[in-house]
Amino acid sequence: MPMTATSNITFGDKFQHFLARVGLRRNRFRVQPGLYALGKPDKESNVFVTANYGLSFNKLRAALAGTDCYILVLDTKGINVWCAAGKGTFGTEELIHRIDDVRLKKHISHNVIILPQLGASGIAAHEIEKHTGFKVEYGPVRAEDLSAYLRTREATTEMRRVTFSLTDRLILVPVELFHMAVPTLILMAILYFFSGSLPALASLVIILAGLLIFPVILTWIPTPNFSTKGFLLGVVVAVPFFLLALSSDPLAAWWQKLGSAIPYLLITPSLVAFITLNYTGATPFTSKSGVAREIYAYFPLMFWMFCAGAIIGIIFRFIH
Amino acid sequence: MLKSKYLKTSLSYDAELCTGCGMCSAVCPHGVFFQNNGTAQLIHPSACMECGACALNCPVNAITVDPGTGCATAQMIAALKGKKEPTCDCC
């Protein structure tokens, strides 16, 4: 017997969505794999396949409100469709196994299953048909487009493309900020005790620039990759600290002022660029070979700028 | 947008093998392939993010790509651990 699902998103569901979006208990936000009946499906009803990450399942069942259908949930270890497809858990083997396990053939009289398009990087459609007899139909990227898709069974070009709009980017910010909150506070405390309030403030601004400002202005920084965008943003962020450090001790000699201010110009851009280089993993368009090239091209510069800045900073700290 | 940096990818396509099933253009999230007169055309190779969906769903193996994650964190962790293939274990 299939399990029952509804399209109703309760307050409790919404609270779990909130927790997932800030990265709390995300690993445990799972649904049981297997076959679900939404509404009152019969032998002719559509079958939709999804991952067992709670957010994926809830998005799908909410988008299918008013439809009588089956939802086949694969065991993706609580990971969303696209990431699980990349890892292979939303994969050919698991789908073949799950179709057999739930005895899908007994529940429906047709042989079509509808998969989210982004599941395709884990599923070989022709292999599924060869092993199970079921024809894989790739639906739209987003569950929200399903009702339009079901009217014609054709996905428009827009439905077939991933986007990375400002909203898409902002949704990702809280997870990153929550991840970095404790390390940032520890770093700030260390810097405050060893170097003073300005370096501690700088470390906070570097983290916020990389994790919050960068995703917002990503598309407006006029360079072609993440590292150079990060360097540019880092220089802009560094200038105020450079000027503050220059004027912090009016009695110091000019070379002492310069020595305590220059580390900001070296360390800030290198760290912001390092954070933004790592942002590649959050985007839906960077490739493995492209990112590898970018690491080879810019990581050494980040490393040496950081080392030079740290050494100059330490030396002038003791001269003071 | 950001695609110009990633011009050279591991994607290659042998048009002579194509049977025109349309799978590659259906699964690609970046419009790299386009169906034209019953065969797939590689129209936007620089937009490829090497997810591997097209190659995996091509029934005649006309497409090859070295799939993997475009995540610097994963690649640097893999390099530090001496692993050959970067994996998304951290998120």
# chains A, B, ... in the order shown; residues from 1 in each chain; ligands from 1
$ residues_around --residues "Ala74 (chain B)" --least-positions-apart "5" --cutoff "8 Å" --atoms "only C-alpha atoms" --output "PDB file with N, CA and C atoms, in the first residue's frame"
ATOM      1  N   GLY A 281      30.971  26.756  -5.472  1.00  0.00           N
ATOM      2  CA  GLY A 281      30.192  25.566  -5.176  1.00  0.00           C
ATOM      3  C   GLY A 281      28.720  25.840  -4.921  1.00  0.00           C
TER       4      GLY A 281
ATOM      5  N   THR B  69      32.088  18.230  -9.750  1.00  0.00           N
ATOM      6  CA  THR B  69      31.538  19.415  -9.122  1.00  0.00           C
ATOM      7  C   THR B  69      32.384  20.658  -9.387  1.00  0.00           C
ATOM      8  N   PRO B  86      37.004  15.244  -6.679  1.00  0.00           N
ATOM      9  CA  PRO B  86      36.377  16.047  -5.625  1.00  0.00           C
ATOM     10  C   PRO B  86      34.945  15.582  -5.367  1.00  0.00           C
ATOM     11  N   THR B  87      34.557  15.489  -4.084  1.00  0.00           N
ATOM     12  CA  THR B  87      33.191  15.070  -3.762  1.00  0.00           C
ATOM     13  C   THR B  87      32.516  16.101  -2.871  1.00  0.00           C
ATOM     14  N   CYS B  88      31.177  16.137  -2.935  1.00  0.00           N
ATOM     15  CA  CYS B  88      30.409  17.127  -2.169  1.00  0.00           C
ATOM     16  C   CYS B  88      30.098  16.592  -0.778  1.00  0.00           C
ATOM     17  N   ASP B  89      31.101  16.274   0.021  1.00  0.00           N
ATOM     18  CA  ASP B  89      30.808  15.714   1.338  1.00  0.00           C
ATOM     19  C   ASP B  89      30.461  16.777   2.373  1.00  0.00           C
ATOM     20  N   CYS B  90      30.846  18.039   2.089  1.00  0.00           N
ATOM     21  CA  CYS B  90      30.651  19.045   3.136  1.00  0.00           C
ATOM     22  C   CYS B  90      29.287  19.718   3.053  1.00  0.00           C
TER      23      CYS B  90
END
$ closest_atom_pairs --of "region 18-88 of chain B" --to "region 86-100 of chain A" --cutoff "12 Å" --atoms "only C-alpha atoms" --output "tab-separated table"
residue	atom	partner	partner_atom	distance
B:Met49	CA	A:Gly86	CA	11.9
B:Glu50	CA	A:Gly86	CA	10.3
B:Cys51	CA	A:Gly86	CA	7.1
B:Gly52	CA	A:Gly86	CA	8.5
B:Ala53	CA	A:Gly86	CA	9.2
B:Leu56	CA	A:Thr92	CA	10.0
B:Asn57	CA	A:Thr92	CA	10.6
B:Pro67	CA	A:Gly86	CA	8.5
B:Gly68	CA	A:Gly86	CA	7.3
B:Thr69	CA	A:Gly86	CA	7.6
B:Gly70	CA	A:Gly86	CA	10.9
B:Glu85	CA	A:Lys87	CA	11.4
B:Pro86	CA	A:Lys87	CA	10.5
B:Thr87	CA	A:Lys87	CA	7.6
B:Cys88	CA	A:Lys87	CA	7.4
$ write_last_selection --atoms "all heavy atoms" --output "JSON list (two decimals), in the first residue's frame"
[["chain", "number", "residue", "atom", "x", "y", "z"],
["B", 49, "MET", "N", 28.51, 23.15, -17.73],
["B", 49, "MET", "CA", 29.01, 23.09, -16.36],
["B", 49, "MET", "C", 29.44, 21.68, -15.98],
["B", 49, "MET", "O", 29.67, 21.38, -14.82],
["B", 49, "MET", "CB", 27.96, 23.60, -15.38],
["B", 49, "MET", "CG", 26.64, 22.83, -15.42],
["B", 49, "MET", "SD", 25.50, 23.34, -14.13],
["B", 49, "MET", "CE", 26.30, 22.69, -12.69],
["B", 50, "GLU", "N", 29.53, 20.81, -16.99],
["B", 50, "GLU", "CA", 30.03, 19.45, -16.79],
["B", 50, "GLU", "C", 29.25, 18.65, -15.76],
["B", 50, "GLU", "O", 29.82, 17.95, -14.92],
["B", 50, "GLU", "CB", 31.54, 19.48, -16.44],
["B", 50, "GLU", "CG", 32.37, 20.13, -17.54],
["B", 50, "GLU", "CD", 33.82, 20.37, -17.16],
["B", 50, "GLU", "OE1", 34.11, 20.51, -15.97],
["B", 50, "GLU", "OE2", 34.66, 20.42, -18.06],
["B", 51, "CYS", "N", 27.92, 18.76, -15.80],
["B", 51, "CYS", "CA", 27.10, 17.98, -14.87],
["B", 51, "CYS", "C", 26.99, 16.53, -15.36],
["B", 51, "CYS", "O", 26.71, 15.63, -14.58],
["B", 51, "CYS", "CB", 25.71, 18.59, -14.69],
["B", 51, "CYS", "SG", 24.59, 18.42, -16.09],
["B", 52, "GLY", "N", 27.17, 16.33, -16.66],
["B", 52, "GLY", "CA", 27.20, 14.97, -17.20],
["B", 52, "GLY", "C", 25.85, 14.41, -17.61],
["B", 52, "GLY", "O", 25.77, 13.27, -18.08],
["B", 53, "ALA", "N", 24.77, 15.21, -17.46],
["B", 53, "ALA", "CA", 23.42, 14.71, -17.76],
["B", 53, "ALA", "C", 23.27, 14.30, -19.22],
["B", 53, "ALA", "O", 22.68, 13.25, -19.52],
["B", 53, "ALA", "CB", 22.38, 15.76, -17.39],
["B", 56, "LEU", "N", 25.19, 11.00, -20.01],
["B", 56, "LEU", "CA", 24.56, 9.86, -19.33],
["B", 56, "LEU", "C", 23.27, 9.44, -20.02],
["B", 56, "LEU", "O", 22.90, 8.27, -20.03],
["B", 56, "LEU", "CB", 24.29, 10.24, -17.87],
["B", 56, "LEU", "CG", 23.86, 9.14, -16.91],
["B", 56, "LEU", "CD1", 24.91, 8.05, -16.83],
["B", 56, "LEU", "CD2", 23.61, 9.72, -15.52],
["B", 57, "ASN", "N", 22.55, 10.41, -20.59],
["B", 57, "ASN", "CA", 21.26, 10.13, -21.21],
["B", 57, "ASN", "C", 21.32, 9.98, -22.72],
["B", 57, "ASN", "O", 20.28, 9.85, -23.36],
["B", 57, "ASN", "CB", 20.25, 11.22, -20.82],
["B", 57, "ASN", "CG", 19.73, 10.99, -19.41],
["B", 57, "ASN", "OD1", 18.83, 10.21, -19.18],
["B", 57, "ASN", "ND2", 20.34, 11.68, -18.45],
["B", 67, "PRO", "N", 32.43, 14.47, -15.86],
["B", 67, "PRO", "CA", 31.54, 15.20, -14.95],
["B", 67, "PRO", "C", 32.17, 15.36, -13.57],
["B", 67, "PRO", "O", 33.04, 14.60, -13.16],
["B", 67, "PRO", "CB", 30.31, 14.30, -14.87],
["B", 67, "PRO", "CG", 30.82, 12.93, -15.12],
["B", 67, "PRO", "CD", 32.04, 13.05, -15.98],
["B", 68, "GLY", "N", 31.70, 16.37, -12.85],
["B", 68, "GLY", "CA", 32.20, 16.59, -11.49],
["B", 68, "GLY", "C", 31.67, 17.89, -10.95],
["B", 68, "GLY", "O", 30.90, 18.58, -11.62],
["B", 69, "THR", "N", 32.09, 18.23, -9.75],
["B", 69, "THR", "CA", 31.54, 19.41, -9.12],
["B", 69, "THR", "C", 32.38, 20.66, -9.39],
["B", 69, "THR", "O", 33.60, 20.61, -9.29],
["B", 69, "THR", "CB", 31.35, 19.21, -7.60],
["B", 69, "THR", "OG1", 30.90, 20.42, -7.03],
["B", 69, "THR", "CG2", 32.64, 18.80, -6.91],
["B", 70, "GLY", "N", 31.72, 21.74, -9.73],
["B", 70, "GLY", "CA", 32.39, 23.02, -9.93],
["B", 70, "GLY", "C", 32.48, 23.78, -8.63],
["B", 70, "GLY", "O", 32.03, 24.92, -8.53],
["B", 85, "GLU", "N", 39.13, 12.49, -7.17],
["B", 85, "GLU", "CA", 37.86, 13.11, -7.58],
["B", 85, "GLU", "C", 37.27, 13.94, -6.44],
["B", 85, "GLU", "O", 37.09, 13.44, -5.33],
["B", 85, "GLU", "CB", 36.89, 11.99, -7.97],
["B", 85, "GLU", "CG", 35.74, 12.41, -8.85],
["B", 85, "GLU", "CD", 36.19, 13.05, -10.16],
["B", 85, "GLU", "OE1", 37.17, 12.60, -10.78],
["B", 85, "GLU", "OE2", 35.54, 14.03, -10.54],
["B", 86, "PRO", "N", 37.00, 15.24, -6.68],
["B", 86, "PRO", "CA", 36.38, 16.05, -5.63],
["B", 86, "PRO", "C", 34.94, 15.58, -5.37],
["B", 86, "PRO", "O", 34.21, 15.26, -6.30],
["B", 86, "PRO", "CB", 36.38, 17.47, -6.20],
["B", 86, "PRO", "CG", 36.51, 17.30, -7.67],
["B", 86, "PRO", "CD", 37.24, 16.02, -7.90],
["B", 87, "THR", "N", 34.56, 15.49, -4.08],
["B", 87, "THR", "CA", 33.19, 15.07, -3.76],
["B", 87, "THR", "C", 32.52, 16.10, -2.87],
["B", 87, "THR", "O", 33.18, 16.83, -2.14],
["B", 87, "THR", "CB", 33.19, 13.72, -3.02],
["B", 87, "THR", "OG1", 34.14, 13.80, -1.95],
["B", 87, "THR", "CG2", 33.55, 12.57, -3.93],
["B", 88, "CYS", "N", 31.18, 16.14, -2.94],
["B", 88, "CYS", "CA", 30.41, 17.13, -2.17],
["B", 88, "CYS", "C", 30.10, 16.59, -0.78],
["B", 88, "CYS", "O", 28.94, 16.44, -0.42],
["B", 88, "CYS", "CB", 29.09, 17.45, -2.86],
["B", 88, "CYS", "SG", 29.26, 17.93, -4.55]]
$ select_by_dssp --residues "region 4-71 of chain A" --states "strand (DSSP E or B)" --output "mmCIF file with N, CA and C atoms, in the first residue's frame"
data_model
loop_
_atom_site.group_PDB
_atom_site.id
_atom_site.type_symbol
_atom_site.label_atom_id
_atom_site.label_comp_id
_atom_site.auth_asym_id
_atom_site.auth_seq_id
_atom_site.Cartn_x
_atom_site.Cartn_y
_atom_site.Cartn_z
ATOM 1 N N THR A 4 0.368 7.818 2.392
ATOM 2 C CA THR A 4 -0.437 8.948 1.923
ATOM 3 C C THR A 4 0.313 10.259 2.099
ATOM 4 N N ALA A 5 0.122 11.144 1.124
ATOM 5 C CA ALA A 5 0.708 12.488 1.183
ATOM 6 C C ALA A 5 -0.382 13.491 0.869
ATOM 7 N N ARG A 30 14.299 14.615 6.554
ATOM 8 C CA ARG A 30 14.138 13.574 5.541
ATOM 9 C C ARG A 30 12.725 13.007 5.551
ATOM 10 N N GLY A 34 9.948 5.659 -0.712
ATOM 11 C CA GLY A 34 8.859 4.744 -1.045
ATOM 12 C C GLY A 34 7.812 5.420 -1.918
ATOM 13 N N LEU A 35 6.669 4.761 -2.049
ATOM 14 C CA LEU A 35 5.601 5.275 -2.909
ATOM 15 C C LEU A 35 4.530 5.972 -2.070
ATOM 16 N N TYR A 36 4.150 7.163 -2.495
ATOM 17 C CA TYR A 36 3.110 7.933 -1.805
ATOM 18 C C TYR A 36 1.941 8.166 -2.755
ATOM 19 N N ALA A 37 0.744 8.153 -2.194
ATOM 20 C CA ALA A 37 -0.444 8.507 -2.977
ATOM 21 C C ALA A 37 -0.865 9.907 -2.570
ATOM 22 N N LEU A 38 -0.973 10.804 -3.550
ATOM 23 C CA LEU A 38 -1.442 12.155 -3.292
ATOM 24 C C LEU A 38 -2.868 12.260 -3.849
ATOM 25 N N VAL A 47 3.038 9.470 -12.266
ATOM 26 C CA VAL A 47 3.997 9.147 -11.210
ATOM 27 C C VAL A 47 5.135 10.167 -11.265
ATOM 28 N N PHE A 48 5.376 10.838 -10.137
ATOM 29 C CA PHE A 48 6.463 11.814 -10.067
ATOM 30 C C PHE A 48 7.550 11.274 -9.139
ATOM 31 N N VAL A 49 8.787 11.405 -9.575
ATOM 32 C CA VAL A 49 9.905 10.882 -8.778
ATOM 33 C C VAL A 49 10.635 12.050 -8.129
ATOM 34 N N THR A 50 11.024 11.890 -6.862
ATOM 35 C CA THR A 50 11.785 12.951 -6.197
ATOM 36 C C THR A 50 12.758 12.365 -5.173
ATOM 37 N N TYR A 53 14.878 14.387 0.548
ATOM 38 C CA TYR A 53 15.115 15.607 1.320
ATOM 39 C C TYR A 53 13.753 16.268 1.541
ATOM 40 N N CYS A 69 -2.222 11.740 -7.893
ATOM 41 C CA CYS A 69 -1.039 11.143 -8.513
ATOM 42 C C CYS A 69 -0.230 10.352 -7.496
ATOM 43 N N TYR A 70 0.819 9.707 -8.001
ATOM 44 C CA TYR A 70 1.766 9.006 -7.129
ATOM 45 C C TYR A 70 3.070 9.792 -7.058
ATOM 46 N N ILE A 71 3.682 9.757 -5.881
ATOM 47 C CA ILE A 71 5.033 10.316 -5.741
ATOM 48 C C ILE A 71 5.955 9.180 -5.308
#
$ residues_around --residues "region 29-34 of chain B" --least-positions-apart "6" --cutoff "10 Å" --atoms "only C-alpha atoms" --output "NGL selection string"
(:A and (117-118 or 120 or 140-141 or 157-163 or 284-285)) or (:B and (13 or 22-23 or 40-49 or 51 or 53-54))
$ interface_residues --of "chain A" --to "chain B" --cutoff "9 Å" --atoms "only C-alpha atoms" --output "PyMOL selection string"
chain A and resi 79+83+86-87+117-127+138-139+141+155+157+160-163+219+223-226+277-295
$ residues_around --residues "Ser260 (chain A)" --least-positions-apart "2" --cutoff "12 Å" --atoms "only C-alpha atoms" --output "PyMOL selection string"
chain A and resi 195-196+198-199+241-249+252-258+262-267+309-320
$ atom_distance --atom1 "CA of Arg26 (chain A)" --atom2 "CA of Gly78 (chain A)"
8.2 Å
$ atom_distance --atom1 "CA of Asp42 (chain A)" --atom2 "CA of Asn111 (chain A)"
13.6 Å
